[in-house]
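Everything below belongs to start31.tsv, which stores TSV, C-alpha atoms and all ligand atoms.
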```
chain	number	residue	atom	x	y	z
A	140	MET	CA	11.38	7.97	23.75
A	141	ASP	CA	12.15	4.50	22.48
A	142	PHE	CA	11.58	4.32	18.73
A	143	ARG	CA	12.15	0.57	18.49
A	144	LEU	CA	9.20	-1.74	17.94
A	145	THR	CA	8.62	-4.79	20.15
A	146	PRO	CA	8.70	-8.24	18.46
A	147	GLU	CA	4.87	-8.29	18.64
A	148	GLN	CA	4.67	-4.89	16.96
A	149	GLU	CA	7.14	-6.02	14.28
A	150	ALA	CA	4.93	-9.06	13.62
A	151	LEU	CA	1.83	-6.87	13.40
A	152	LYS	CA	3.64	-4.57	10.98
A	153	ARG	CA	4.52	-7.53	8.75
A	154	GLU	CA	0.88	-8.63	8.79
A	155	PHE	CA	-0.24	-5.16	7.69
A	156	GLU	CA	2.47	-5.09	5.00
A	157	GLU	CA	1.50	-8.46	3.56
A	158	PHE	CA	-2.14	-7.41	3.40
A	159	PHE	CA	-1.53	-4.10	1.62
A	160	LYS	CA	1.14	-5.48	-0.69
A	161	GLU	CA	-1.34	-8.08	-1.93
A	162	GLU	CA	-4.57	-6.09	-1.90
A	163	MET	CA	-3.18	-2.97	-3.53
A	164	LYS	CA	-2.34	-5.02	-6.62
A	165	LYS	CA	-6.11	-4.94	-7.27
A	166	ALA	CA	-6.26	-1.12	-7.28
A	167	PRO	CA	-7.81	0.43	-10.40
A	168	PRO	CA	-5.43	1.87	-13.03
A	169	GLY	CA	-4.07	5.27	-12.07
A	170	TRP	CA	-4.51	4.73	-8.32
A	171	SER	CA	-2.04	6.90	-6.41
A	172	GLY	CA	-3.44	6.88	-2.89
A	173	SER	CA	-4.33	10.56	-3.31
A	174	MET	CA	-7.71	11.99	-2.39
A	175	GLU	CA	-8.32	12.44	-6.11
A	176	SER	CA	-7.98	8.71	-6.75
A	177	MET	CA	-9.99	7.82	-3.63
A	178	PHE	CA	-13.01	9.86	-4.69
A	179	SER	CA	-12.86	9.20	-8.43
A	180	GLU	CA	-15.54	7.16	-10.19
A	181	GLU	CA	-13.24	4.14	-10.50
A	182	GLY	CA	-11.42	4.64	-7.21
A	183	PHE	CA	-14.28	4.97	-4.77
A	184	PRO	CA	-15.79	1.46	-5.16
A	185	PHE	CA	-12.31	0.02	-4.55
A	186	HIS	CA	-11.80	2.35	-1.57
A	187	ARG	CA	-15.14	1.25	-0.08
A	188	GLN	CA	-14.39	-2.43	-0.69
A	189	MET	CA	-11.00	-2.07	1.01
A	190	ALA	CA	-12.69	-0.30	3.93
A	191	LYS	CA	-14.99	-3.30	4.34
A	192	LYS	CA	-12.01	-5.67	4.34
A	193	LEU	CA	-10.17	-3.58	6.91
A	194	ALA	CA	-13.30	-3.42	9.07
A	195	GLU	CA	-13.72	-7.20	8.89
A	196	LYS	CA	-10.12	-7.62	10.01
A	197	GLY	CA	-10.79	-5.20	12.87
A	198	TRP	CA	-8.04	-2.86	11.65
A	199	LEU	CA	-10.02	0.23	10.78
A	200	VAL	CA	-10.39	1.76	14.24
A	201	ARG	CA	-8.19	-0.42	16.43
A	202	PRO	CA	-7.56	2.13	19.22
A	203	TRP	CA	-11.24	2.97	19.72
A	204	PRO	CA	-13.01	1.45	22.72
A	205	LYS	CA	-14.53	-1.98	22.10
A	206	GLU	CA	-18.04	-0.75	22.85
A	207	TYR	CA	-17.90	1.52	19.77
A	208	GLY	CA	-16.38	-1.02	17.40
A	209	GLY	CA	-12.67	-0.67	18.22
A	210	GLN	CA	-10.25	-2.97	19.99
A	211	ASP	CA	-8.81	-0.76	22.73
A	212	ALA	CA	-5.43	-1.17	21.00
A	213	PRO	CA	-2.47	1.07	21.91
A	214	ILE	CA	-2.12	4.12	19.66
A	215	ILE	CA	1.37	3.07	18.61
A	216	GLU	CA	-0.22	0.11	16.80
A	217	GLN	CA	-2.46	2.50	14.89
A	218	LEU	CA	0.60	4.54	13.98
A	219	ILE	CA	2.27	1.40	12.61
A	220	PHE	CA	-0.90	0.69	10.63
A	221	SER	CA	-1.02	4.25	9.26
A	222	GLU	CA	2.63	4.08	8.25
A	223	VAL	CA	2.10	0.87	6.31
A	224	LEU	CA	-1.09	2.25	4.77
A	225	GLY	CA	0.77	5.40	3.70
A	226	TYR	CA	3.73	3.50	2.29
A	227	TYR	CA	1.57	1.22	0.13
A	228	ARG	CA	-0.65	4.16	-0.91
A	229	GLY	CA	-3.40	2.13	0.62
A	230	ALA	CA	-7.15	2.49	0.30
A	231	GLY	CA	-9.96	1.95	2.76
A	232	VAL	CA	-9.52	4.51	5.51
A	233	ASP	CA	-12.13	7.27	5.44
A	234	ILE	CA	-9.98	10.19	6.54
A	235	PHE	CA	-13.04	12.17	7.57
A	236	GLY	CA	-14.98	9.50	9.47
A	237	VAL	CA	-12.17	7.33	10.82
A	238	GLY	CA	-9.50	10.00	11.02
A	239	MET	CA	-11.35	13.09	12.12
A	240	LEU	CA	-14.95	12.73	13.25
A	241	GLY	CA	-14.52	9.47	15.18
A	242	PRO	CA	-11.79	10.80	17.50
A	243	THR	CA	-13.73	14.07	17.84
A	244	LEU	CA	-16.88	12.27	18.99
A	245	LEU	CA	-14.87	10.11	21.38
A	246	ALA	CA	-13.49	13.30	22.92
A	247	ALA	CA	-16.55	15.56	22.79
A	248	GLY	CA	-19.64	13.72	21.52
A	249	SER	CA	-22.67	12.79	23.60
A	250	GLU	CA	-23.16	9.13	24.48
A	251	GLU	CA	-26.07	9.02	22.01
A	252	GLN	CA	-23.90	10.46	19.22
A	253	LYS	CA	-21.13	7.96	19.92
A	254	ARG	CA	-23.55	5.04	19.82
A	255	GLU	CA	-25.26	6.27	16.68
A	256	HIS	CA	-22.20	7.19	14.61
A	257	LEU	CA	-19.08	5.33	15.76
A	258	PRO	CA	-20.15	1.70	15.08
A	259	PRO	CA	-21.18	2.42	11.43
A	260	ILE	CA	-17.78	4.08	10.88
A	261	ALA	CA	-16.02	1.09	12.45
A	262	ARG	CA	-17.99	-1.26	10.15
A	263	ALA	CA	-17.18	0.92	7.09
A	264	GLU	CA	-20.87	1.46	6.47
A	265	ARG	CA	-20.95	5.25	6.75
A	266	PHE	CA	-18.61	7.63	4.93
A	267	TRP	CA	-18.23	11.26	5.93
A	268	CYS	CA	-17.28	14.59	4.42
A	269	GLN	CA	-16.15	17.86	5.98
A	270	GLY	CA	-18.26	21.01	5.55
A	271	TRP	CA	-16.10	23.85	6.73
A	272	SER	CA	-14.81	26.04	3.87
A	273	GLU	CA	-17.10	28.54	2.19
A	274	PRO	CA	-16.62	30.78	-0.86
A	275	ASN	CA	-15.67	33.68	1.43
A	276	ALA	CA	-14.27	31.72	4.36
A	277	GLY	CA	-11.17	29.66	3.59
A	278	SER	CA	-8.07	30.37	5.65
A	279	ASP	CA	-10.24	32.75	7.65
A	280	LEU	CA	-12.70	29.99	8.50
A	281	ALA	CA	-14.15	31.77	11.54
A	282	SER	CA	-15.80	34.33	9.24
A	283	LEU	CA	-18.15	31.73	7.74
A	284	THR	CA	-21.77	32.74	7.18
A	285	THR	CA	-23.79	29.54	6.70
A	286	ARG	CA	-26.62	30.02	9.15
A	287	ALA	CA	-28.35	27.59	11.54
A	288	VAL	CA	-31.53	28.84	13.21
A	289	ARG	CA	-33.25	26.96	16.03
A	290	ASP	CA	-36.81	25.84	15.26
A	291	GLY	CA	-38.33	23.60	17.94
A	292	ASP	CA	-36.29	20.40	18.19
A	293	ASP	CA	-34.41	21.19	14.99
A	294	TYR	CA	-32.07	23.71	13.42
A	295	ILE	CA	-32.73	25.01	9.93
A	296	ILE	CA	-29.55	25.47	7.91
A	297	ASN	CA	-29.07	27.80	4.95
A	298	GLY	CA	-25.84	28.60	3.14
A	299	GLN	CA	-23.06	27.15	1.03
A	300	LYS	CA	-19.91	25.09	1.49
A	301	ILE	CA	-17.08	24.71	-1.01
A	302	TRP	CA	-14.07	22.42	-1.60
A	303	THR	CA	-16.05	19.64	0.08
A	304	SER	CA	-13.91	16.62	-0.74
A	305	GLY	CA	-15.86	13.48	-1.54
A	306	ALA	CA	-19.29	14.99	-0.77
A	307	HIS	CA	-20.59	13.15	-3.84
A	308	HIS	CA	-19.89	9.81	-2.11
A	309	ALA	CA	-20.47	10.78	1.52
A	310	ASP	CA	-23.39	9.54	3.61
A	311	TRP	CA	-22.98	12.21	6.30
A	312	MET	CA	-21.24	15.55	6.74
A	313	PHE	CA	-19.80	17.21	9.84
A	314	MET	CA	-20.06	20.95	9.43
A	315	LEU	CA	-19.86	24.35	11.01
A	316	ALA	CA	-22.70	26.87	10.90
A	317	ARG	CA	-23.32	30.21	12.53
A	318	THR	CA	-25.86	30.02	15.34
A	319	ASN	CA	-25.21	33.52	16.68
A	320	PRO	CA	-25.16	36.21	13.97
A	321	GLU	CA	-24.25	38.88	16.56
A	322	GLU	CA	-20.86	37.21	16.85
A	323	LYS	CA	-18.94	37.68	13.62
A	324	ARG	CA	-16.06	35.43	14.60
A	325	SER	CA	-15.54	31.98	16.08
A	326	ARG	CA	-17.72	32.46	19.15
A	327	GLY	CA	-20.99	32.25	17.18
A	328	LEU	CA	-20.37	28.88	15.50
A	329	SER	CA	-21.79	25.42	16.20
A	330	PHE	CA	-20.73	21.95	15.03
A	331	PHE	CA	-23.41	19.79	13.37
A	332	LEU	CA	-23.74	16.27	12.01
A	333	VAL	CA	-25.88	16.22	8.88
A	334	ASP	CA	-27.32	13.30	6.95
A	335	MET	CA	-26.51	14.03	3.29
A	336	LYS	CA	-29.90	12.64	2.25
A	337	THR	CA	-31.73	15.42	4.12
A	338	PRO	CA	-34.06	17.38	1.80
A	339	GLY	CA	-32.62	20.77	0.78
A	340	ILE	CA	-29.02	19.61	0.22
A	341	THR	CA	-27.66	20.03	-3.32
A	342	ILE	CA	-24.20	18.84	-4.34
A	343	ARG	CA	-22.54	20.38	-7.37
A	344	PRO	CA	-19.22	18.96	-8.65
A	345	LEU	CA	-16.10	21.10	-9.02
A	346	TYR	CA	-13.78	19.53	-11.58
A	347	SER	CA	-10.07	20.27	-11.51
A	348	MET	CA	-8.20	21.46	-14.61
A	349	GLU	CA	-7.02	17.91	-15.30
A	350	GLY	CA	-10.58	16.61	-15.00
A	351	SER	CA	-10.58	14.89	-11.60
A	352	HIS	CA	-13.62	15.14	-9.36
A	353	LEU	CA	-12.56	15.51	-5.73
A	354	PHE	CA	-14.17	18.80	-4.73
A	355	ASN	CA	-17.79	19.87	-4.59
A	356	GLU	CA	-19.95	22.79	-3.67
A	357	VAL	CA	-22.70	21.88	-1.22
A	358	PHE	CA	-25.78	24.09	-0.94
A	359	PHE	CA	-28.14	24.14	2.03
A	360	ASP	CA	-31.69	25.37	1.45
A	361	ASP	CA	-33.82	25.14	4.59
A	362	VAL	CA	-32.13	21.93	5.66
A	363	ARG	CA	-33.73	20.63	8.85
A	364	VAL	CA	-31.23	19.05	11.26
A	365	PRO	CA	-32.26	17.61	14.65
A	366	ALA	CA	-30.80	19.59	17.57
A	367	LYS	CA	-29.44	16.32	18.98
A	368	ASN	CA	-27.02	16.35	16.03
A	369	MET	CA	-25.11	19.29	17.46
A	370	VAL	CA	-21.76	18.24	18.94
A	371	GLY	CA	-20.98	20.15	22.13
A	372	GLU	CA	-22.86	23.26	23.16
A	373	GLU	CA	-24.45	25.88	20.94
A	374	ASN	CA	-21.88	28.51	19.86
A	375	GLN	CA	-19.03	26.30	21.12
A	376	GLY	CA	-18.35	24.67	17.75
A	377	TRP	CA	-14.98	26.33	17.28
A	378	ALA	CA	-13.41	24.47	20.19
A	379	ILE	CA	-14.71	21.17	18.76
A	380	THR	CA	-13.39	22.13	15.31
A	381	ARG	CA	-9.93	22.86	16.67
A	382	ALA	CA	-9.83	19.38	18.17
A	383	THR	CA	-10.95	17.90	14.83
A	384	MET	CA	-8.26	19.92	13.02
A	385	ASN	CA	-5.63	18.53	15.36
A	386	PHE	CA	-6.67	14.99	14.45
A	387	GLU	CA	-6.46	15.99	10.78
A	388	ARG	CA	-3.05	17.59	11.13
A	389	SER	CA	-1.46	14.77	13.10
A	390	ASN	CA	-1.91	12.68	9.91
A	391	VAL	CA	0.95	10.38	10.80
A	392	GLY	CA	0.69	8.14	7.74
A	393	GLN	CA	1.77	11.04	5.53
A	394	MET	CA	5.48	10.62	6.22
A	395	SER	CA	5.68	7.03	5.04
A	396	GLY	CA	3.89	8.06	1.84
A	397	LEU	CA	6.61	10.67	1.35
A	398	LYS	CA	9.28	8.07	2.12
A	399	ARG	CA	7.92	5.95	-0.74
A	400	ASP	CA	7.91	9.02	-3.03
A	401	LEU	CA	11.53	9.71	-2.10
A	402	GLU	CA	12.56	6.12	-2.81
A	403	GLU	CA	11.05	6.43	-6.28
A	404	LEU	CA	12.74	9.79	-6.79
A	405	VAL	CA	16.11	8.25	-5.85
A	406	GLU	CA	15.51	5.45	-8.38
A	407	PHE	CA	14.68	8.05	-11.01
A	408	CYS	CA	17.90	9.94	-10.21
A	409	LYS	CA	19.92	6.74	-10.52
A	410	GLU	CA	18.46	5.97	-13.94
A	411	THR	CA	18.28	9.43	-15.49
A	412	LYS	CA	21.33	11.01	-17.13
A	413	TRP	CA	22.14	14.67	-17.54
A	414	ASN	CA	25.36	15.94	-19.17
A	415	GLY	CA	26.66	12.37	-19.42
A	416	LYS	CA	26.21	11.51	-15.75
A	417	THR	CA	23.27	10.17	-13.75
A	418	LEU	CA	21.42	12.72	-11.64
A	419	ALA	CA	22.43	10.68	-8.60
A	420	GLN	CA	26.07	11.57	-9.32
A	421	ASN	CA	25.34	15.28	-9.25
A	422	PRO	CA	26.39	16.73	-5.84
A	423	PHE	CA	23.62	19.32	-5.92
A	424	VAL	CA	20.94	16.65	-6.54
A	425	ARG	CA	22.48	14.40	-3.87
A	426	HIS	CA	22.34	17.27	-1.42
A	427	GLN	CA	18.67	17.90	-2.22
A	428	LEU	CA	17.81	14.21	-1.81
A	429	ALA	CA	19.64	14.09	1.51
A	430	GLN	CA	17.76	17.16	2.67
A	431	LEU	CA	14.43	15.53	1.76
A	432	ALA	CA	15.42	12.35	3.60
A	433	ILE	CA	16.29	14.38	6.71
A	434	GLU	CA	12.99	16.25	6.62
A	435	ILE	CA	11.00	13.03	6.21
A	436	GLU	CA	12.83	11.43	9.14
A	437	ALA	CA	12.19	14.52	11.26
A	438	GLY	CA	8.51	14.34	10.30
A	439	ARG	CA	8.40	10.68	11.21
A	440	ALA	CA	9.96	11.36	14.61
A	441	MET	CA	7.35	14.06	15.14
A	442	SER	CA	4.59	11.58	14.23
A	443	TYR	CA	5.84	9.22	16.92
A	444	ARG	CA	5.96	12.07	19.38
A	445	ILE	CA	2.36	13.04	18.54
A	446	ALA	CA	1.25	9.42	18.99
A	447	TRP	CA	3.05	9.33	22.32
A	448	MET	CA	1.38	12.60	23.41
A	449	GLN	CA	-2.03	11.34	22.29
A	450	GLU	CA	-1.52	8.11	24.21
A	451	LYS	CA	-0.54	10.05	27.32
A	452	GLY	CA	-3.40	12.50	26.91
A	453	GLY	CA	-5.94	9.74	26.37
A	454	LEU	CA	-6.72	11.03	22.88
A	455	LEU	CA	-7.11	8.93	19.78
A	456	MET	CA	-5.85	9.61	16.29
B	1	LIG	C1	-6.75	18.83	-1.10
B	1	LIG	C2	-7.70	19.73	-0.36
B	1	LIG	C3	-8.85	19.20	0.19
B	1	LIG	C4	-9.74	20.02	0.86
B	1	LIG	N1	-10.88	19.46	1.38
B	1	LIG	C5	-11.74	20.23	2.05
B	1	LIG	C6	-12.92	19.66	2.61
B	1	LIG	O1	-13.18	18.46	2.46
B	1	LIG	N2	-13.76	20.45	3.30
B	1	LIG	C7	-13.51	21.78	3.49
B	1	LIG	O2	-14.30	22.42	4.16
B	1	LIG	N3	-12.41	22.37	2.94
B	1	LIG	C8	-11.53	21.63	2.23
B	1	LIG	N4	-10.41	22.20	1.68
B	1	LIG	C9	-10.24	23.65	1.77
B	1	LIG	C10	-9.13	24.08	2.72
B	1	LIG	O3	-9.29	23.48	3.95
B	1	LIG	C11	-9.02	25.60	2.89
B	1	LIG	O4	-10.08	26.14	3.58
B	1	LIG	C12	-8.98	26.32	1.63
B	1	LIG	O5	-8.19	25.67	0.67
B	1	LIG	C13	-8.38	27.71	1.86
B	1	LIG	O6	-9.29	28.61	1.47
B	1	LIG	P1	-9.28	29.40	0.09
B	1	LIG	O7	-9.06	28.43	-1.01
B	1	LIG	O8	-10.49	30.26	0.11
B	1	LIG	O9	-7.96	30.27	0.15
B	1	LIG	P2	-7.75	31.69	0.83
B	1	LIG	O10	-8.15	31.65	2.26
B	1	LIG	O11	-8.38	32.73	-0.02
B	1	LIG	O12	-6.18	31.81	0.75
B	1	LIG	C14	-5.52	32.02	-0.52
B	1	LIG	C15	-4.07	32.34	-0.25
B	1	LIG	O13	-3.96	33.55	0.53
B	1	LIG	C16	-3.19	33.31	1.71
B	1	LIG	N5	-3.75	34.10	2.80
B	1	LIG	C17	-5.00	34.01	3.30
B	1	LIG	N6	-5.17	34.90	4.30
B	1	LIG	C18	-3.99	35.54	4.44
B	1	LIG	C19	-3.53	36.57	5.32
B	1	LIG	N7	-4.32	37.11	6.24
B	1	LIG	N8	-2.26	36.97	5.19
B	1	LIG	C20	-1.44	36.44	4.25
B	1	LIG	N9	-1.83	35.46	3.39
B	1	LIG	C21	-3.08	35.02	3.49
B	1	LIG	C22	-3.30	31.82	1.98
B	1	LIG	O14	-2.18	31.33	2.70
B	1	LIG	C23	-3.33	31.26	0.56
B	1	LIG	O15	-2.05	31.11	0.04
B	1	LIG	C24	-9.49	21.41	0.99
B	1	LIG	C25	-8.33	21.94	0.43
B	1	LIG	C26	-7.45	21.12	-0.24
B	1	LIG	C27	-6.22	21.73	-0.83
```
Could I get this file's structure written as structure tokens?
Amino acid sequence: MDFRLTPEQEALKREFEEFFKEEMKKAPPGWSGSMESMFSEEGFPFHRQMAKKLAEKGWLVRPWPKEYGGQDAPIIEQLIFSEVLGYYRGAGVDIFGVGMLGPTLLAAGSEEQKREHLPPIARAERFWCQGWSEPNAGSDLASLTTRAVRDGDDYIINGQKIWTSGAHHADWMFMLARTNPEEKRSRGLSFFLVDMKTPGITIRPLYSMEGSHLFNEVFFDDVRVPAKNMVGEENQGWAITRATMNFERSNVGQMSGLKRDLEELVEFCKETKWNGKTLAQNPFVRHQLAQLAIEIEAGRAMSYRIAWMQEKGGLLM
């Protein structure tokens, strides 16, 4: 693999950098680029506004096909974008819609679903949340019990989700529900797209100990969802979910965010004294910093490898 960027890619990177350097100066106080700041009362309007700006520039979903709002750009360009976004702790990218559901629909959605949902994501008009975890189904997600029962052209959903990040701002949710109660594990699950304004949905905030509002509980009481909103086949939702999880995990921007954290940590170590010497002079601290730098570089190399694999496999991130 060649890790060098072409002159055109370098120029694109500079354009992204200039944009984020300037725009992130307008971030509300306390902005850290974390999910907590993104979904906070002060952070979300800024996040949404930045999403609009990115959409207008055509940067939000560059590798998606043009017909769904993208630009058919090579994935490597999206990786460069994500790296710059991560480094500047940038706002504006809906990790659920842009990062997870969009690529999932491109890979497994029906033509109708792609046409209905991808363009509003590309225009930053529709924000998504992820309805997977339940009070008794976290790491063991396949044991979830939220139920979807077929009723004519609809499914009726009953149950509860938890840890639903940003549900209080989301327009739509992608979720898993059990369509076959005979199957206790992953084989009885289906993947649905649910409009958060549907009657029967109740969102209850879960505040963290330091007061931030990222998580929610979401309750479903006889929520009627059109059958056309099921992605893939009935009881095949686990395969779709695994694909979505892969898009979540590839999260290539993460490493440049860590690189920025490390740079700040190094500065701190240069300025902070302990026993008459700066921390940066302490061999043990230096060793730890070097180890972190190595791990971040390894992670970055892996990100490029994932992008390369996605490009080869025709998948989008
Ligand atoms: C920042 C953040 C955002 C999130 N956003 C969302 C979201 O938007 N939507 C959503 O659906 N979920 C979300 N989650 C939830 C997340 O995806 C996990 O499902 C959830 O955190 C894990 O479930 P749990 O909390 O019930 O932990 P548990 O599954 O109860 O696990 C608790 C601990 O036990 C360990 N453990 C579990 N099973 C075993 C085992 N068999 N053997 C040994 N150890 C075990 C785990 O490793 C963990 O350390 C989010 C989580 C975080 C941290």
A:Glu264, A:Glu216, A:Asp360, A:Glu255: which is nearest Glu450 in chain A, counting only C-alpha atoms?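 For Glu450 in chain A, the nearest of the candidates is A:Glu216.
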Quick one, how far is CA of Glu206 in chain A from CA of Lys253 in chain A? 9.7 Å
Residues within 12 Å of range 433-445 of chain A, all atoms listed in the file, excluding chain neighbours under 3 positions, as a ChimeraX atom specification: /A:140-144,214-219,221-222,225,385-386,388-402,426-430,448-456
d(CA of Cys268 in chain A, atom C1 of ligand LIG 1 (chain B)) in Å: 12.6 Å
When you count all atoms listed in the file, which of these residues is closest to ligand LIG 1 (chain B): A:Leu345, A:Val200, A:Leu244, A:Ile295? A:Leu345
Using 12 Å as the limit and counting only C-alpha atoms and all ligand atoms, can you tabulate each residue of chain A that touches ligand LIG 1 (chain B), with its shortest atom-to-atom distance in Å and the two atoms involved, as JSON lines?
```
{"residue": "A:Ser173", "atom": "CA", "partner": "B:LIG1", "partner_atom": "C1", "distance": 8.9}
{"residue": "A:Met174", "atom": "CA", "partner": "B:LIG1", "partner_atom": "C1", "distance": 7.0}
{"residue": "A:Glu175", "atom": "CA", "partner": "B:LIG1", "partner_atom": "C1", "distance": 8.3}
{"residue": "A:Ser176", "atom": "CA", "partner": "B:LIG1", "partner_atom": "C1", "distance": 11.7}
{"residue": "A:Met177", "atom": "CA", "partner": "B:LIG1", "partner_atom": "C1", "distance": 11.8}
{"residue": "A:Phe178", "atom": "CA", "partner": "B:LIG1", "partner_atom": "O1", "distance": 11.2}
{"residue": "A:Asp233", "atom": "CA", "partner": "B:LIG1", "partner_atom": "O1", "distance": 11.6}
{"residue": "A:Ile234", "atom": "CA", "partner": "B:LIG1", "partner_atom": "O1", "distance": 9.8}
{"residue": "A:Phe235", "atom": "CA", "partner": "B:LIG1", "partner_atom": "O1", "distance": 8.1}
{"residue": "A:Gly236", "atom": "CA", "partner": "B:LIG1", "partner_atom": "O1", "distance": 11.5}
{"residue": "A:Met239", "atom": "CA", "partner": "B:LIG1", "partner_atom": "O1", "distance": 11.2}
{"residue": "A:Trp267", "atom": "CA", "partner": "B:LIG1", "partner_atom": "O1", "distance": 9.5}
{"residue": "A:Cys268", "atom": "CA", "partner": "B:LIG1", "partner_atom": "O1", "distance": 6.0}
{"residue": "A:Gln269", "atom": "CA", "partner": "B:LIG1", "partner_atom": "N2", "distance": 4.4}
{"residue": "A:Gly270", "atom": "CA", "partner": "B:LIG1", "partner_atom": "O2", "distance": 4.4}
{"residue": "A:Trp271", "atom": "CA", "partner": "B:LIG1", "partner_atom": "O2", "distance": 3.4}
{"residue": "A:Ser272", "atom": "CA", "partner": "B:LIG1", "partner_atom": "O2", "distance": 3.7}
{"residue": "A:Glu273", "atom": "CA", "partner": "B:LIG1", "partner_atom": "O2", "distance": 7.0}
{"residue": "A:Pro274", "atom": "CA", "partner": "B:LIG1", "partner_atom": "O8", "distance": 6.2}
{"residue": "A:Asn275", "atom": "CA", "partner": "B:LIG1", "partner_atom": "O8", "distance": 6.3}
{"residue": "A:Ala276", "atom": "CA", "partner": "B:LIG1", "partner_atom": "O8", "distance": 5.9}
{"residue": "A:Gly277", "atom": "CA", "partner": "B:LIG1", "partner_atom": "O6", "distance": 3.0}
{"residue": "A:Ser278", "atom": "CA", "partner": "B:LIG1", "partner_atom": "O10", "distance": 3.6}
{"residue": "A:Asp279", "atom": "CA", "partner": "B:LIG1", "partner_atom": "O10", "distance": 5.9}
{"residue": "A:Leu280", "atom": "CA", "partner": "B:LIG1", "partner_atom": "O4", "distance": 6.8}
{"residue": "A:Ala281", "atom": "CA", "partner": "B:LIG1", "partner_atom": "O4", "distance": 10.6}
{"residue": "A:Ser282", "atom": "CA", "partner": "B:LIG1", "partner_atom": "O10", "distance": 10.7}
{"residue": "A:Leu283", "atom": "CA", "partner": "B:LIG1", "partner_atom": "O4", "distance": 10.7}
{"residue": "A:Gln299", "atom": "CA", "partner": "B:LIG1", "partner_atom": "O2", "distance": 10.4}
{"residue": "A:Lys300", "atom": "CA", "partner": "B:LIG1", "partner_atom": "O2", "distance": 6.8}
{"residue": "A:Ile301", "atom": "CA", "partner": "B:LIG1", "partner_atom": "O2", "distance": 6.3}
{"residue": "A:Trp302", "atom": "CA", "partner": "B:LIG1", "partner_atom": "C8", "distance": 4.7}
{"residue": "A:Thr303", "atom": "CA", "partner": "B:LIG1", "partner_atom": "O1", "distance": 3.9}
{"residue": "A:Ser304", "atom": "CA", "partner": "B:LIG1", "partner_atom": "O1", "distance": 3.8}
{"residue": "A:Gly305", "atom": "CA", "partner": "B:LIG1", "partner_atom": "O1", "distance": 6.9}
{"residue": "A:Ala306", "atom": "CA", "partner": "B:LIG1", "partner_atom": "O1", "distance": 7.7}
{"residue": "A:His307", "atom": "CA", "partner": "B:LIG1", "partner_atom": "O1", "distance": 11.1}
{"residue": "A:His308", "atom": "CA", "partner": "B:LIG1", "partner_atom": "O1", "distance": 11.9}
{"residue": "A:Ala309", "atom": "CA", "partner": "B:LIG1", "partner_atom": "O1", "distance": 10.6}
{"residue": "A:Met312", "atom": "CA", "partner": "B:LIG1", "partner_atom": "O1", "distance": 9.6}
{"residue": "A:Phe313", "atom": "CA", "partner": "B:LIG1", "partner_atom": "O2", "distance": 9.5}
{"residue": "A:Met314", "atom": "CA", "partner": "B:LIG1", "partner_atom": "O2", "distance": 7.9}
{"residue": "A:Leu315", "atom": "CA", "partner": "B:LIG1", "partner_atom": "O2", "distance": 9.0}
{"residue": "A:Ala316", "atom": "CA", "partner": "B:LIG1", "partner_atom": "O2", "distance": 11.7}
{"residue": "A:Leu345", "atom": "CA", "partner": "B:LIG1", "partner_atom": "N1", "distance": 11.8}
{"residue": "A:Ser347", "atom": "CA", "partner": "B:LIG1", "partner_atom": "C1", "distance": 11.0}
{"residue": "A:Ser351", "atom": "CA", "partner": "B:LIG1", "partner_atom": "C1", "distance": 11.9}
{"residue": "A:His352", "atom": "CA", "partner": "B:LIG1", "partner_atom": "C1", "distance": 11.4}
{"residue": "A:Leu353", "atom": "CA", "partner": "B:LIG1", "partner_atom": "C3", "distance": 7.9}
{"residue": "A:Phe354", "atom": "CA", "partner": "B:LIG1", "partner_atom": "N1", "distance": 7.0}
{"residue": "A:Asn355", "atom": "CA", "partner": "B:LIG1", "partner_atom": "O1", "distance": 8.5}
{"residue": "A:Glu356", "atom": "CA", "partner": "B:LIG1", "partner_atom": "N2", "distance": 9.6}
{"residue": "A:Val357", "atom": "CA", "partner": "B:LIG1", "partner_atom": "O2", "distance": 10.0}
{"residue": "A:Thr380", "atom": "CA", "partner": "B:LIG1", "partner_atom": "O2", "distance": 11.2}
{"residue": "A:Met384", "atom": "CA", "partner": "B:LIG1", "partner_atom": "O3", "distance": 9.8}
{"residue": "A:Glu387", "atom": "CA", "partner": "B:LIG1", "partner_atom": "O3", "distance": 10.5}
{"residue": "A:Arg388", "atom": "CA", "partner": "B:LIG1", "partner_atom": "O3", "distance": 11.2}
```
Would you mind reading off the distance between CA of Thr337 in chain A and CA of Ala263 in chain A, one decimal, in Å?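 According to the coordinates, CA of Thr337 in chain A and CA of Ala263 in chain A are separated by 20.8 Å.
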Using 3 Å of padding on each side, determine the axis-aligned box around all atoms of range 185-194 of chain A present in the file and give its centre and edge lengths in Å to one decimal, as lines of an AutoDock Vina configuration file.
```
center_x = -12.7
center_y = -1.7
center_z = 2.3
size_x = 11.0
size_y = 14.0
size_z = 19.6
```
Tell me which of A:Phe330, A:Trp377, A:Phe266, A:Phe423 sits closest to Ala190 in chain A, counting only C-alpha atoms.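 Result for the nearest residue to Ala190 in chain A: A:Phe266.
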Just checking: using all atoms listed in the file, which residue out of A:Gly182, A:Gly291, A:Pro146, A:Gly327 ends up closest to Gly229 in chain A? A:Gly182
